[in-house]
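K.L.:
Sending over a structure as structure tokens; questions will come in a sec.
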Amino acid sequence: RQTLSEDGREGATYDWDARELTVRLPKAVPGEHFEGLAALPALVARPKQGAPPPKIEVLSSSPACNEEQDDDNDSITWEAAPADAPLPPPPPEGLYGFNRFYRGVFAGREPADALVMCRAPEEHGGAGEEARLEAEVEAYDDYHYAMDLLHEEEIAPLLAFTPWWLRAESLRPEDSEALAQVRPRRHLLSAHEDKVVVPNALVDVLFALCYDERTTLGEGTCESAWTIARLSATLGHLARFETPPARAVVLSCARRALVYPLYRHWGLALRCLADVAAVASAGRPSVLRALARVRGALDGAEGDAH
């Protein structure tokens with residue numbers, strides 16, 4: 001762990017006009033590289049305090065049971081529960097979402113006309129792969145794809161755009177606020193969930209975000225939530241990609257990029273897949289920043305389907 005120096009050079013200033021707090025903390029070793037400075041949740045988290053050790057006190061040195069207590073215990077009638085007594089029902093298992101943890105999110109709502117495309121998610125826990133592929137085939141428009149292929153002048157600026165993960169760019173205020181609200185959580189995941197399902201879902205969601213960032217030139221629009229949900233089968237169809245390696249999720253990303261959004265171009269889909277690799281290669285802060293933007297887009301969606 002890196003250390004700081006307290007020699008009188010530390011200080012802080014606040015710019016009221018820009019609403020920026022600048023803190024100066026000199027390093028104990030000049031020139032030392034400090035890792036994790038972009039991980040705001042870890043920087044603002046309070047240090048964990050261990051639970052105090054239990055105290056054992058001797059309240060009495062007399063025997064715990066005497067003869068009178070033994071006589072009283074003899075008068076107690078112990079009855080066991082009947083063998084055929086009904087057991088309490090087990091807690092309901094989650095049907096969809098991260099680690100199959102969620103249930104009832106869409107109760108009383110109609111998500112199919114908004115962001116989630118599958119019908120009756122509370123009954124079926126998301127659309128199966130066969131139903132999802134059938135929906136993609138039905139929605140595919142070869143005329144739309146051909147027009148985007150012919151009008152390269154509309155696609156060229158999107159391919160030439162340099163998003164934030166490919167350039168040195170400071171965090172936007174809204175990104176900083178979103179990251180500061182993230183708190184580390186521990187989840188009990190099986191090896192399959194941890195090594196296969198979660199990474200596949202991450203690729204799927206990051207692809208949708210990269211497409212939206214590139215096609216809106218980094219600005220985002222009121223349609224960003226719709227675009228992200230349509231491109232991500234994890235979000236739009238509550239899908240789970242159970243098989244390694246990531247071939248199935250990559251195919252799903254490319255297919256949906258040619259079926260649902262405004263710009264349906266094979267070269268654009270490949271560029272967005274490269275963007276996912278760039279975001280992941282940049283490390284945890286970059287991934288968290290991307291996920292924070294996904295959450296911001298979904299939080300800003302109209303209605304309550306998100």
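Labels used: A, B, ... for chains in the order of the structure tokens, numbers from 1 for residues in each chain, and numbers from 1 for ligands as shown.
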Neighbours of Thr13 of chain A within 8 Å (only C-alpha atoms; same-chain residues fewer than 3 positions away dropped), as a list of chain:residue names?
P.N.:
A:Leu21, A:Thr22, A:Val23
K.L.:
Store the residues picked out above in a file with C-alpha atoms, as a PDB file, in the first residue's frame.
P.N.:
ATOM      1  CA  LEU A  21     -12.634  20.375  -4.475  1.00  0.00           C
ATOM      2  CA  THR A  22      -8.879  20.125  -5.058  1.00  0.00           C
ATOM      3  CA  VAL A  23      -6.874  18.191  -2.475  1.00  0.00           C
TER       4      VAL A  23
END
K.L.:
For Ala269 of chain A, which residue out of A:Arg289, A:Arg167, A:His237, A:Arg255 is the nearest one, using only C-alpha atoms?
P.N.:
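Distance minimum relative to Ala269 of chain A lands on A:Arg255.
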K.L.:
Quick one: pull the distance between atom CA of Ala28 of chain A and atom CA of Gln181 of chain A, Å, one decimal.
P.N.:
29.6 Å
K.L.:
Skip Trp266 of chain A itself and residues of its chain fewer than 3 positions away, then list as a PyMOL selection string all residues within 9 Å of it, counting only C-alpha atoms.
P.N.:
chain A and resi 145+149+254+257-258+269-271
K.L.:
Save out the residues we just selected, N, CA, C and O atoms, as a PDB file, in the first residue's frame.
P.N.:
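Result saved to result.pdb:
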ATOM      1  N   TYR A 145     -30.954  -3.283 -43.872  1.00  0.00           N
ATOM      2  CA  TYR A 145     -29.530  -3.633 -43.845  1.00  0.00           C
ATOM      3  C   TYR A 145     -28.844  -3.240 -45.159  1.00  0.00           C
ATOM      4  O   TYR A 145     -27.738  -2.707 -45.166  1.00  0.00           O
ATOM      5  N   LEU A 149     -25.792  -0.555 -45.838  1.00  0.00           N
ATOM      6  CA  LEU A 149     -24.580  -1.025 -46.497  1.00  0.00           C
ATOM      7  C   LEU A 149     -24.218  -0.137 -47.686  1.00  0.00           C
ATOM      8  O   LEU A 149     -23.041   0.097 -47.975  1.00  0.00           O
ATOM      9  N   ALA A 254     -23.653  -9.489 -32.423  1.00  0.00           N
ATOM     10  CA  ALA A 254     -23.586  -9.146 -33.838  1.00  0.00           C
ATOM     11  C   ALA A 254     -24.957  -9.268 -34.504  1.00  0.00           C
ATOM     12  O   ALA A 254     -25.356  -8.416 -35.305  1.00  0.00           O
ATOM     13  N   ALA A 257     -27.227  -6.402 -33.464  1.00  0.00           N
ATOM     14  CA  ALA A 257     -26.776  -5.140 -34.041  1.00  0.00           C
ATOM     15  C   ALA A 257     -27.213  -4.997 -35.492  1.00  0.00           C
ATOM     16  O   ALA A 257     -27.257  -3.875 -36.019  1.00  0.00           O
ATOM     17  N   LEU A 258     -27.528  -6.106 -36.153  1.00  0.00           N
ATOM     18  CA  LEU A 258     -27.997  -6.078 -37.540  1.00  0.00           C
ATOM     19  C   LEU A 258     -29.515  -6.179 -37.639  1.00  0.00           C
ATOM     20  O   LEU A 258     -30.055  -6.200 -38.749  1.00  0.00           O
ATOM     21  N   ALA A 269     -20.686  -3.302 -36.307  1.00  0.00           N
ATOM     22  CA  ALA A 269     -20.789  -4.333 -35.272  1.00  0.00           C
ATOM     23  C   ALA A 269     -19.409  -4.848 -34.872  1.00  0.00           C
ATOM     24  O   ALA A 269     -19.116  -5.028 -33.684  1.00  0.00           O
ATOM     25  N   LEU A 270     -18.542  -5.063 -35.859  1.00  0.00           N
ATOM     26  CA  LEU A 270     -17.188  -5.521 -35.555  1.00  0.00           C
ATOM     27  C   LEU A 270     -16.411  -4.466 -34.777  1.00  0.00           C
ATOM     28  O   LEU A 270     -15.636  -4.793 -33.860  1.00  0.00           O
ATOM     29  N   ARG A 271     -16.603  -3.192 -35.115  1.00  0.00           N
ATOM     30  CA  ARG A 271     -15.913  -2.120 -34.396  1.00  0.00           C
ATOM     31  C   ARG A 271     -16.368  -2.075 -32.936  1.00  0.00           C
ATOM     32  O   ARG A 271     -15.564  -1.847 -32.026  1.00  0.00           O
TER      33      ARG A 271
END
K.L.:
Measuring atom to atom with only C-alpha atoms, identify which of A:Leu159, A:Ala178, A:Leu238, A:Leu188 is nearest to Thr215 of chain A.
P.N.:
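Using only C-alpha atoms, Thr215 of chain A sits closest to A:Leu159.
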K.L.:
Given only C-alpha atoms as the basis, pick out the residue of A:Leu158, A:Leu189, A:Val182, A:Leu251 nearest to Arg214 of chain A.
P.N.:
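Of A:Leu158, A:Leu189, A:Val182, A:Leu251, the one nearest Arg214 of chain A, counting only C-alpha atoms, is A:Leu158.
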K.L.:
Quick one: pull the distance between atom CA of Leu298 of chain A and atom CA of Gly218 of chain A, Å, one decimal.
P.N.:
16.1 Å
K.L.:
Calculate how many Å separate atom CA of Ala160 of chain A from atom CA of Arg230 of chain A, rounding to one decimal.
P.N.:
23.7 Å
K.L.:
Give me the residues within 8 Å of Ala292 of chain A as a list in words, counting only C-alpha atoms and dropping any in the same chain fewer than 2 places off.
P.N.:
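Near neighbours after the sequence-gap exclusion: Asp175, Ala178, Leu179, Leu288, Arg289, Ala290, Val294, Arg295 and Gly296 of chain A.
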K.L.:
Output all heavy atoms for every residue in the selection just made, as a PDB file, in the first residue's frame.
P.N.:
ATOM      1  N   ASP A 175     -20.527  10.993 -14.222  1.00  0.00           N
ATOM      2  CA  ASP A 175     -19.858   9.713 -14.049  1.00  0.00           C
ATOM      3  C   ASP A 175     -19.259   9.602 -12.651  1.00  0.00           C
ATOM      4  O   ASP A 175     -19.332   8.549 -12.007  1.00  0.00           O
ATOM      5  CB  ASP A 175     -18.763   9.533 -15.099  1.00  0.00           C
ATOM      6  CG  ASP A 175     -19.321   9.358 -16.499  1.00  0.00           C
ATOM      7  OD1 ASP A 175     -20.466   8.889 -16.614  1.00  0.00           O
ATOM      8  OD2 ASP A 175     -18.624   9.688 -17.464  1.00  0.00           O
ATOM      9  N   ALA A 178     -22.011   8.926 -10.185  1.00  0.00           N
ATOM     10  CA  ALA A 178     -22.510   7.555 -10.294  1.00  0.00           C
ATOM     11  C   ALA A 178     -21.530   6.560  -9.679  1.00  0.00           C
ATOM     12  O   ALA A 178     -21.929   5.626  -8.975  1.00  0.00           O
ATOM     13  CB  ALA A 178     -22.780   7.209 -11.754  1.00  0.00           C
ATOM     14  N   LEU A 179     -20.229   6.753  -9.922  1.00  0.00           N
ATOM     15  CA  LEU A 179     -19.235   5.837  -9.376  1.00  0.00           C
ATOM     16  C   LEU A 179     -19.129   5.974  -7.862  1.00  0.00           C
ATOM     17  O   LEU A 179     -18.885   4.991  -7.154  1.00  0.00           O
ATOM     18  CB  LEU A 179     -17.875   6.099 -10.025  1.00  0.00           C
ATOM     19  CG  LEU A 179     -17.745   5.682 -11.493  1.00  0.00           C
ATOM     20  CD1 LEU A 179     -16.394   6.096 -12.038  1.00  0.00           C
ATOM     21  CD2 LEU A 179     -17.929   4.181 -11.644  1.00  0.00           C
ATOM     22  N   LEU A 288     -16.333  -0.203 -14.768  1.00  0.00           N
ATOM     23  CA  LEU A 288     -17.295   0.409 -13.853  1.00  0.00           C
ATOM     24  C   LEU A 288     -17.878   1.686 -14.437  1.00  0.00           C
ATOM     25  O   LEU A 288     -19.070   1.977 -14.282  1.00  0.00           O
ATOM     26  CB  LEU A 288     -16.630   0.703 -12.508  1.00  0.00           C
ATOM     27  CG  LEU A 288     -16.302  -0.503 -11.630  1.00  0.00           C
ATOM     28  CD1 LEU A 288     -15.572  -0.057 -10.376  1.00  0.00           C
ATOM     29  CD2 LEU A 288     -17.565  -1.272 -11.274  1.00  0.00           C
ATOM     30  N   ARG A 289     -17.037   2.455 -15.101  1.00  0.00           N
ATOM     31  CA  ARG A 289     -17.528   3.683 -15.724  1.00  0.00           C
ATOM     32  C   ARG A 289     -18.553   3.361 -16.801  1.00  0.00           C
ATOM     33  O   ARG A 289     -19.587   4.032 -16.914  1.00  0.00           O
ATOM     34  CB  ARG A 289     -16.353   4.453 -16.320  1.00  0.00           C
ATOM     35  CG  ARG A 289     -16.724   5.774 -16.971  1.00  0.00           C
ATOM     36  CD  ARG A 289     -15.483   6.471 -17.495  1.00  0.00           C
ATOM     37  NE  ARG A 289     -15.807   7.733 -18.138  1.00  0.00           N
ATOM     38  CZ  ARG A 289     -14.899   8.526 -18.713  1.00  0.00           C
ATOM     39  NH1 ARG A 289     -13.618   8.179 -18.701  1.00  0.00           N
ATOM     40  NH2 ARG A 289     -15.265   9.655 -19.286  1.00  0.00           N
ATOM     41  N   ALA A 290     -18.284   2.334 -17.608  1.00  0.00           N
ATOM     42  CA  ALA A 290     -19.234   1.944 -18.649  1.00  0.00           C
ATOM     43  C   ALA A 290     -20.547   1.462 -18.045  1.00  0.00           C
ATOM     44  O   ALA A 290     -21.637   1.832 -18.508  1.00  0.00           O
ATOM     45  CB  ALA A 290     -18.614   0.852 -19.531  1.00  0.00           C
ATOM     46  N   VAL A 294     -24.507   2.788 -18.340  1.00  0.00           N
ATOM     47  CA  VAL A 294     -25.662   1.946 -18.659  1.00  0.00           C
ATOM     48  C   VAL A 294     -26.768   2.176 -17.643  1.00  0.00           C
ATOM     49  O   VAL A 294     -27.940   2.364 -18.003  1.00  0.00           O
ATOM     50  CB  VAL A 294     -25.255   0.460 -18.691  1.00  0.00           C
ATOM     51  CG1 VAL A 294     -26.485  -0.436 -18.819  1.00  0.00           C
ATOM     52  CG2 VAL A 294     -24.309   0.195 -19.856  1.00  0.00           C
ATOM     53  N   ARG A 295     -26.404   2.167 -16.381  1.00  0.00           N
ATOM     54  CA  ARG A 295     -27.412   2.389 -15.352  1.00  0.00           C
ATOM     55  C   ARG A 295     -28.036   3.780 -15.461  1.00  0.00           C
ATOM     56  O   ARG A 295     -29.242   3.953 -15.277  1.00  0.00           O
ATOM     57  CB  ARG A 295     -26.812   2.207 -13.957  1.00  0.00           C
ATOM     58  CG  ARG A 295     -27.852   2.261 -12.853  1.00  0.00           C
ATOM     59  CD  ARG A 295     -27.276   1.952 -11.510  1.00  0.00           C
ATOM     60  NE  ARG A 295     -26.441   3.025 -11.008  1.00  0.00           N
ATOM     61  CZ  ARG A 295     -25.957   3.069  -9.768  1.00  0.00           C
ATOM     62  NH1 ARG A 295     -26.211   2.081  -8.929  1.00  0.00           N
ATOM     63  NH2 ARG A 295     -25.213   4.075  -9.373  1.00  0.00           N
ATOM     64  N   GLY A 296     -27.220   4.780 -15.791  1.00  0.00           N
ATOM     65  CA  GLY A 296     -27.759   6.126 -15.955  1.00  0.00           C
ATOM     66  C   GLY A 296     -28.757   6.198 -17.094  1.00  0.00           C
ATOM     67  O   GLY A 296     -29.786   6.874 -16.987  1.00  0.00           O
TER      68      GLY A 296
END
K.L.:
Taking only C-alpha atoms into account, which of A:Glu193, A:Glu169, A:Asp15, A:Asp142 comes nearest Arg240 of chain A?
P.N.:
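Closest to Arg240 of chain A, using only C-alpha atoms: A:Glu193.
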K.L.:
Distance table requested - segment 188-286 of chain A against segment 136-141 of chain A, cut-off 10 Å, only C-alpha atoms: one row per qualifying residue with the closest atom pair and its distance in Å to one decimal, ordered by chain and rising residue number, as a tab-separated table.
P.N.:
residue	atom	partner	partner_atom	distance
A:Ser252	CA	A:Glu136	CA	9.6
A:Arg255	CA	A:Glu136	CA	7.7
A:Arg256	CA	A:Glu136	CA	7.0
A:Leu258	CA	A:Tyr140	CA	7.4
A:Val259	CA	A:Tyr140	CA	4.8
A:Tyr260	CA	A:Ala139	CA	7.2
A:Arg264	CA	A:Asp141	CA	9.6
K.L.:
Could the residues in this selection be written to a file with C-alpha atoms, as a PDB file, in the first residue's frame?
P.N.:
ATOM      1  CA  SER A 252     -25.873 -12.619 -30.235  1.00  0.00           C
ATOM      2  CA  ARG A 255     -27.015 -10.524 -34.774  1.00  0.00           C
ATOM      3  CA  ARG A 256     -28.931  -7.994 -32.718  1.00  0.00           C
ATOM      4  CA  LEU A 258     -27.997  -6.078 -37.540  1.00  0.00           C
ATOM      5  CA  VAL A 259     -31.647  -6.451 -36.499  1.00  0.00           C
ATOM      6  CA  TYR A 260     -32.827  -3.783 -34.074  1.00  0.00           C
ATOM      7  CA  ARG A 264     -27.309  -1.861 -39.074  1.00  0.00           C
TER       8      ARG A 264
END
K.L.:
What's around Pro245 of chain A at 10 Å? Count only C-alpha atoms, leave out sequence neighbours fewer than 3 positions away in its own chain, and write the answer as number ranges by chain.
P.N.:
A: 195-196, 199-200, 241-242, 248-250
K.L.:
Return as a tab-separated table the residues of segment 102-215 of chain A lying at most 6 Å from segment 276-285 of chain A, together with the closest atom-to-atom pair for each and the distance in Å to one decimal, counting only C-alpha atoms, with rows in chain order and ascending residue number.
P.N.:
residue	atom	partner	partner_atom	distance
A:Trp165	CA	A:Val279	CA	6.0
A:Leu206	CA	A:Val276	CA	6.0
A:Phe207	CA	A:Val276	CA	5.8
K.L.:
Which of segment 200-276 of chain A end up as helix (DSSP H, G or I) when DSSP is run on this backbone - answer as a ChimeraX atom specification?
P.N.:
/A:200-215,224-231,233-236,247-257,266-276
K.L.:
Smallest atom-to-atom distance to Glu219 of chain A: which of A:Tyr102, A:Ile155, A:Leu202, A:Ala297, using only C-alpha atoms?
P.N.:
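Closest to Glu219 of chain A, using only C-alpha atoms: A:Ala297.
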